[in-house]
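Here the structure comes first, spelled out in structure tokens, and everything after it is commentary.
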Amino acid sequence: MKSTFTRLVGALVAATLALTGCSSSSSDGGNDDSAGGTFEGDIVVLGLVAEPASLDFTTTDGAAIPQLLLDNVYETLVTVGPDGEIAPGLATDWTVSDDGLSYTFTLTDKAVFSDGAPFTADDAKFSIDRVKTDWTIDLKAKMDVVESVTVNSSTELVVTLSKPSNTWLYNMTTRIGAMFSKDGVADLANTPIGTGPYTFGEWQRGDRITLNRNDSYWGEKPHFKTVEFKYFDNATSMNSAMLGGEIDVVTTVQAPEALDQFTDGPKADQFQVIEGTTNGEVVLSFNQSSGPLADVRVRQAIRSAIDHKTLLENCWAGKGELIGSMVPPTDPWYEDRTVDFLYDTQKAESLLKEAGAEDITLRLRLPSLPYAQSCGPEVQSQLSKVGITVDIDTLEFPAAWIQTVMTDKDFDMSIVSHVEPRDLPTLFADPSYYTSYDNPMVQDLVASADAGTPEEQVEDMKQAATIISQDAAADFLFLLPNLIVAKPGIDGLPENIIGESFPVADLTA
């Protein structure tokens with residue numbers, strides 16, 4: 001069977017709004033010109049929280065690095081189009097063998113790395129092989145299914161899998177599919193080298209990272225000459241910077257209750273607000289390696305004791321979506337699982353009594369991220385009503401949280417948004433992952449889903465999601481919304497974010 005794909009135009013988003021208006025910018029950052037002018041600058045300044053600890057996503061986990069670099073500096077062989085389908089990237093075409101084991105990619109002969117070296121099939125082989133040999137983050141396991149990589153010519157590559165995999169090609173649209181120069185990996189933490197529409201410019205630690213337009217880019221040239229990613233310690237500072245004209249875009253609103261300062265009042269016409277969705281599940285994770293949370297009844301009690309609608313209203317201003325599982329609506333196997341655990345404190349107390357856990361204390365170790373800091377006290381308050389004492393402490397994110405929670409597993413509960421696409425297998429089919437959830441039935445279903453037909457994949461993943469939910473492998477607080485505030489006149493902002501990157505090449509004015 002041969003599958004041929006034509007190039008799709010679009011960002012790594014589900015939809016893009018057509019926006020109108022005007023604004024302006026300068027090398028000193030944005031300014032607060034009101035609507036009615038023309039956006040004359042060639043610099044756009046984006047506001048974010050959670051500055052990356054490193055620029056090397058092969059050895060450092062966390063979403064901040066691919067958000068900055070993926071699709072902007074680094075490209076992949078295949079990407080995801082606006083309709084959620086896999087689309088060409090550095091590979092202009094590909095075919096799949098009848099047995100589903102061999103993928104033959106035809107690569108563009110026009111791409112050049114920012115160090116001047118041409119991109120060839122040798123680089124693609126090097127990049128794929130290197131995931132298995134040099135990467136250290138858990139996501140590297142997604143490349144284990146690759147048995148061999150063969151270079152037929154400078155523009156033809158054959159990847160052979162050890163078994164058929166429905167997920168491998170999709171995983172190649174994520175950070176593990178990033179293409180590196182063979183001679184450009186000596187200092188990935190500080191000097192990323194890719195083929196993308198932007199090149200790495202400067203990192204003023206604690207302040208901003210600058211990307212510069214790649215004038216040698218093989219594809220369509222981006223509009224903005226310079227993109228500044230400016231990082232803030234808290235949501236209030238970022239919102240103040242937006243109101244004061246210091247930045248042009250708040251990429252992710254971190255205090256939804258403050259949205260009215262951009263939508264009401266005398267400055268309302270100076271801003272556009274975009275509301276959409278993401279695939280970032282805000283997870284109340286449980287360490288199930290030992291202690292009270294190793295007992296399914298305690299986990300089920302916690303899920304029953306949380307009034308998710310009230311939690312969403314109190315800690316995230318009602319913005320977001322209750323889904324009840326690790327599957328967002330943008331995935332083919334989504335089902336609404338919010339009915340699995342309705343708010344029922346009597347049921348929670350009964351389960352705790354049955355488990356002999358009527359008077360327990362749990363450590364909730366939170367990353368220093370606004371949604372976690374906001375939702376943690378709400379979880380603490382609600383669980384106190386059923387006799388669970390929750391002690392909260394905060395860990396600097398990403399470095400301290402990743403080391404303490406994900407690596408050392410020194411926690412009882414935590415709250416974090418998992419934004420990697422289709423990440424249910426990562427969290428719940430690998431017992432070595434930080435939650436220590438170990439259910440052979442789920443592992444078998446995930447493996448079966450990967451090896452079966454597309455229809456079997458959907459059915460198996462639905463079953464796995466059902467078991468994970470009913471097993472209370474975690475509590476799924478809500479799905480993060482995509483909330484963006486920008487000056488009028490900046491177009492190409494994503495309504496929905498369904499991948500790991502914030503694609504700045506699509507921005508225009």
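Ligands are numbered from 1 in the order shown, chains are lettered A, B, ... in the order of the structure tokens, and residues start at 1 in each chain.
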
Exercise. Near Met172 in chain A, counting only C-alpha atoms, which residues have an atom at most 9 Å away, once you skip same-chain residues fewer than 5 positions from it, shown as a list in words?
Worked result: Thr76, Leu77, Val78, Thr79, Lys142, Met143, Thr167, Gly177 and Ala178 of chain A

Listing only residues of range 460-504 of chain A within 9 Å of range 312-335 of chain A, what is the closest atom pair and its distance in Å (to one decimal) for each, using only C-alpha atoms, sorted by chain and residue number ascending, as JSON lines?
{"residue": "A:Asp460", "atom": "CA", "partner": "A:Trp333", "partner_atom": "CA", "distance": 8.6}
{"residue": "A:Met461", "atom": "CA", "partner": "A:Trp333", "partner_atom": "CA", "distance": 6.1}
{"residue": "A:Lys462", "atom": "CA", "partner": "A:Trp333", "partner_atom": "CA", "distance": 5.4}
{"residue": "A:Ala465", "atom": "CA", "partner": "A:Ser325", "partner_atom": "CA", "distance": 6.6}
{"residue": "A:Thr466", "atom": "CA", "partner": "A:Ser325", "partner_atom": "CA", "distance": 7.9}
{"residue": "A:Ile468", "atom": "CA", "partner": "A:Ser325", "partner_atom": "CA", "distance": 7.7}
{"residue": "A:Ser469", "atom": "CA", "partner": "A:Ser325", "partner_atom": "CA", "distance": 5.9}
{"residue": "A:Ala474", "atom": "CA", "partner": "A:Ser325", "partner_atom": "CA", "distance": 8.6}
{"residue": "A:Asp475", "atom": "CA", "partner": "A:Gly324", "partner_atom": "CA", "distance": 7.5}
{"residue": "A:Phe476", "atom": "CA", "partner": "A:Gly324", "partner_atom": "CA", "distance": 5.4}
{"residue": "A:Leu477", "atom": "CA", "partner": "A:Leu322", "partner_atom": "CA", "distance": 7.0}
{"residue": "A:Phe478", "atom": "CA", "partner": "A:Leu322", "partner_atom": "CA", "distance": 4.7}
{"residue": "A:Leu479", "atom": "CA", "partner": "A:Glu321", "partner_atom": "CA", "distance": 5.0}
{"residue": "A:Leu480", "atom": "CA", "partner": "A:Gly320", "partner_atom": "CA", "distance": 5.1}
{"residue": "A:Pro481", "atom": "CA", "partner": "A:Gly320", "partner_atom": "CA", "distance": 4.6}
{"residue": "A:Asn482", "atom": "CA", "partner": "A:Gly320", "partner_atom": "CA", "distance": 8.2}
{"residue": "A:Leu483", "atom": "CA", "partner": "A:Lys319", "partner_atom": "CA", "distance": 8.8}
{"residue": "A:Ile498", "atom": "CA", "partner": "A:Thr330", "partner_atom": "CA", "distance": 7.6}

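Atom pair CA of Asn72 in chain A / CA of Ala505 in chain A has a distance of 6.7 Å (rounded to one decimal).
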
DSSP strand (DSSP E) residues within range 335-483 of chain A, listed as a PyMOL selection string: chain A and resi 360-367+388-395+413-418+474-483

How about saving the chosen residues, C-alpha atoms kept, as a compact mmCIF listing (two decimals), in the first residue's frame?
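Result file is out_29.txt:
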# COMPACT_ATOMS: atom_id res chain seq x y z
CA ILE A 360 -3.82 10.90 56.31
CA THR A 361 -1.46 13.71 55.35
CA LEU A 362 -0.23 14.10 51.78
CA ARG A 363 2.48 16.37 50.38
CA LEU A 364 1.36 18.41 47.40
CA ARG A 365 4.52 19.64 45.70
CA LEU A 366 3.66 22.35 43.21
CA PRO A 367 5.68 23.82 40.37
CA ILE A 388 -7.30 14.53 54.14
CA THR A 389 -4.61 16.97 55.27
CA VAL A 390 -2.62 18.42 52.39
CA ASP A 391 0.75 20.08 53.01
CA ILE A 392 1.78 22.36 50.15
CA ASP A 393 5.23 23.43 49.11
CA THR A 394 6.49 25.08 45.94
CA LEU A 395 9.37 24.00 43.73
CA MET A 413 0.78 14.63 44.74
CA SER A 414 1.60 17.38 42.27
CA ILE A 415 -0.22 19.52 39.72
CA VAL A 416 1.19 20.05 36.26
CA SER A 417 -0.13 20.51 32.74
CA HIS A 418 1.10 17.81 30.39
CA ALA A 474 -4.55 10.56 38.42
CA ASP A 475 -7.19 13.21 38.77
CA PHE A 476 -7.75 15.28 35.66
CA LEU A 477 -8.61 18.76 36.88
CA PHE A 478 -9.31 20.44 33.55
CA LEU A 479 -8.01 21.11 30.06
CA LEU A 480 -6.10 24.37 29.80
CA PRO A 481 -7.65 26.93 27.46
CA ASN A 482 -5.65 28.81 24.89
CA LEU A 483 -6.02 32.45 25.97

Exercise. Out of range 305-429 of chain A, which residues get alpha helix (DSSP H) from DSSP, as a PyMOL selection string?
Worked result: chain A and resi 305+308-316+345-354+370-384+399-401+424-428

For Pro421 in chain A, which of A:Ile176, A:Leu90, A:Ile247, A:Met441 is the closest residue, counting only C-alpha atoms?
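For Pro421 in chain A, the nearest of the given residues is A:Ile176.
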
Practice task
Could you tell me which of A:Thr508, A:Ser114, A:Gln67, A:Thr136 comes closest to Tyr217 in chain A if we count only C-alpha atoms?
Solution key: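 The closest residue to Tyr217 in chain A is A:Ser114.
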
So which one's closest to Leu243 in chain A, A:Gly492, A:Ala486, A:Asp42, A:Gly81? Using only C-alpha atoms, please.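 Closest to Leu243 in chain A, using only C-alpha atoms: A:Ala486.
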
The residue from A:Ala268, A:Leu493, A:Val442, A:Ile137 with the smallest atom-to-atom distance to Thr60 in chain A, counting only C-alpha atoms, is A:Ile137
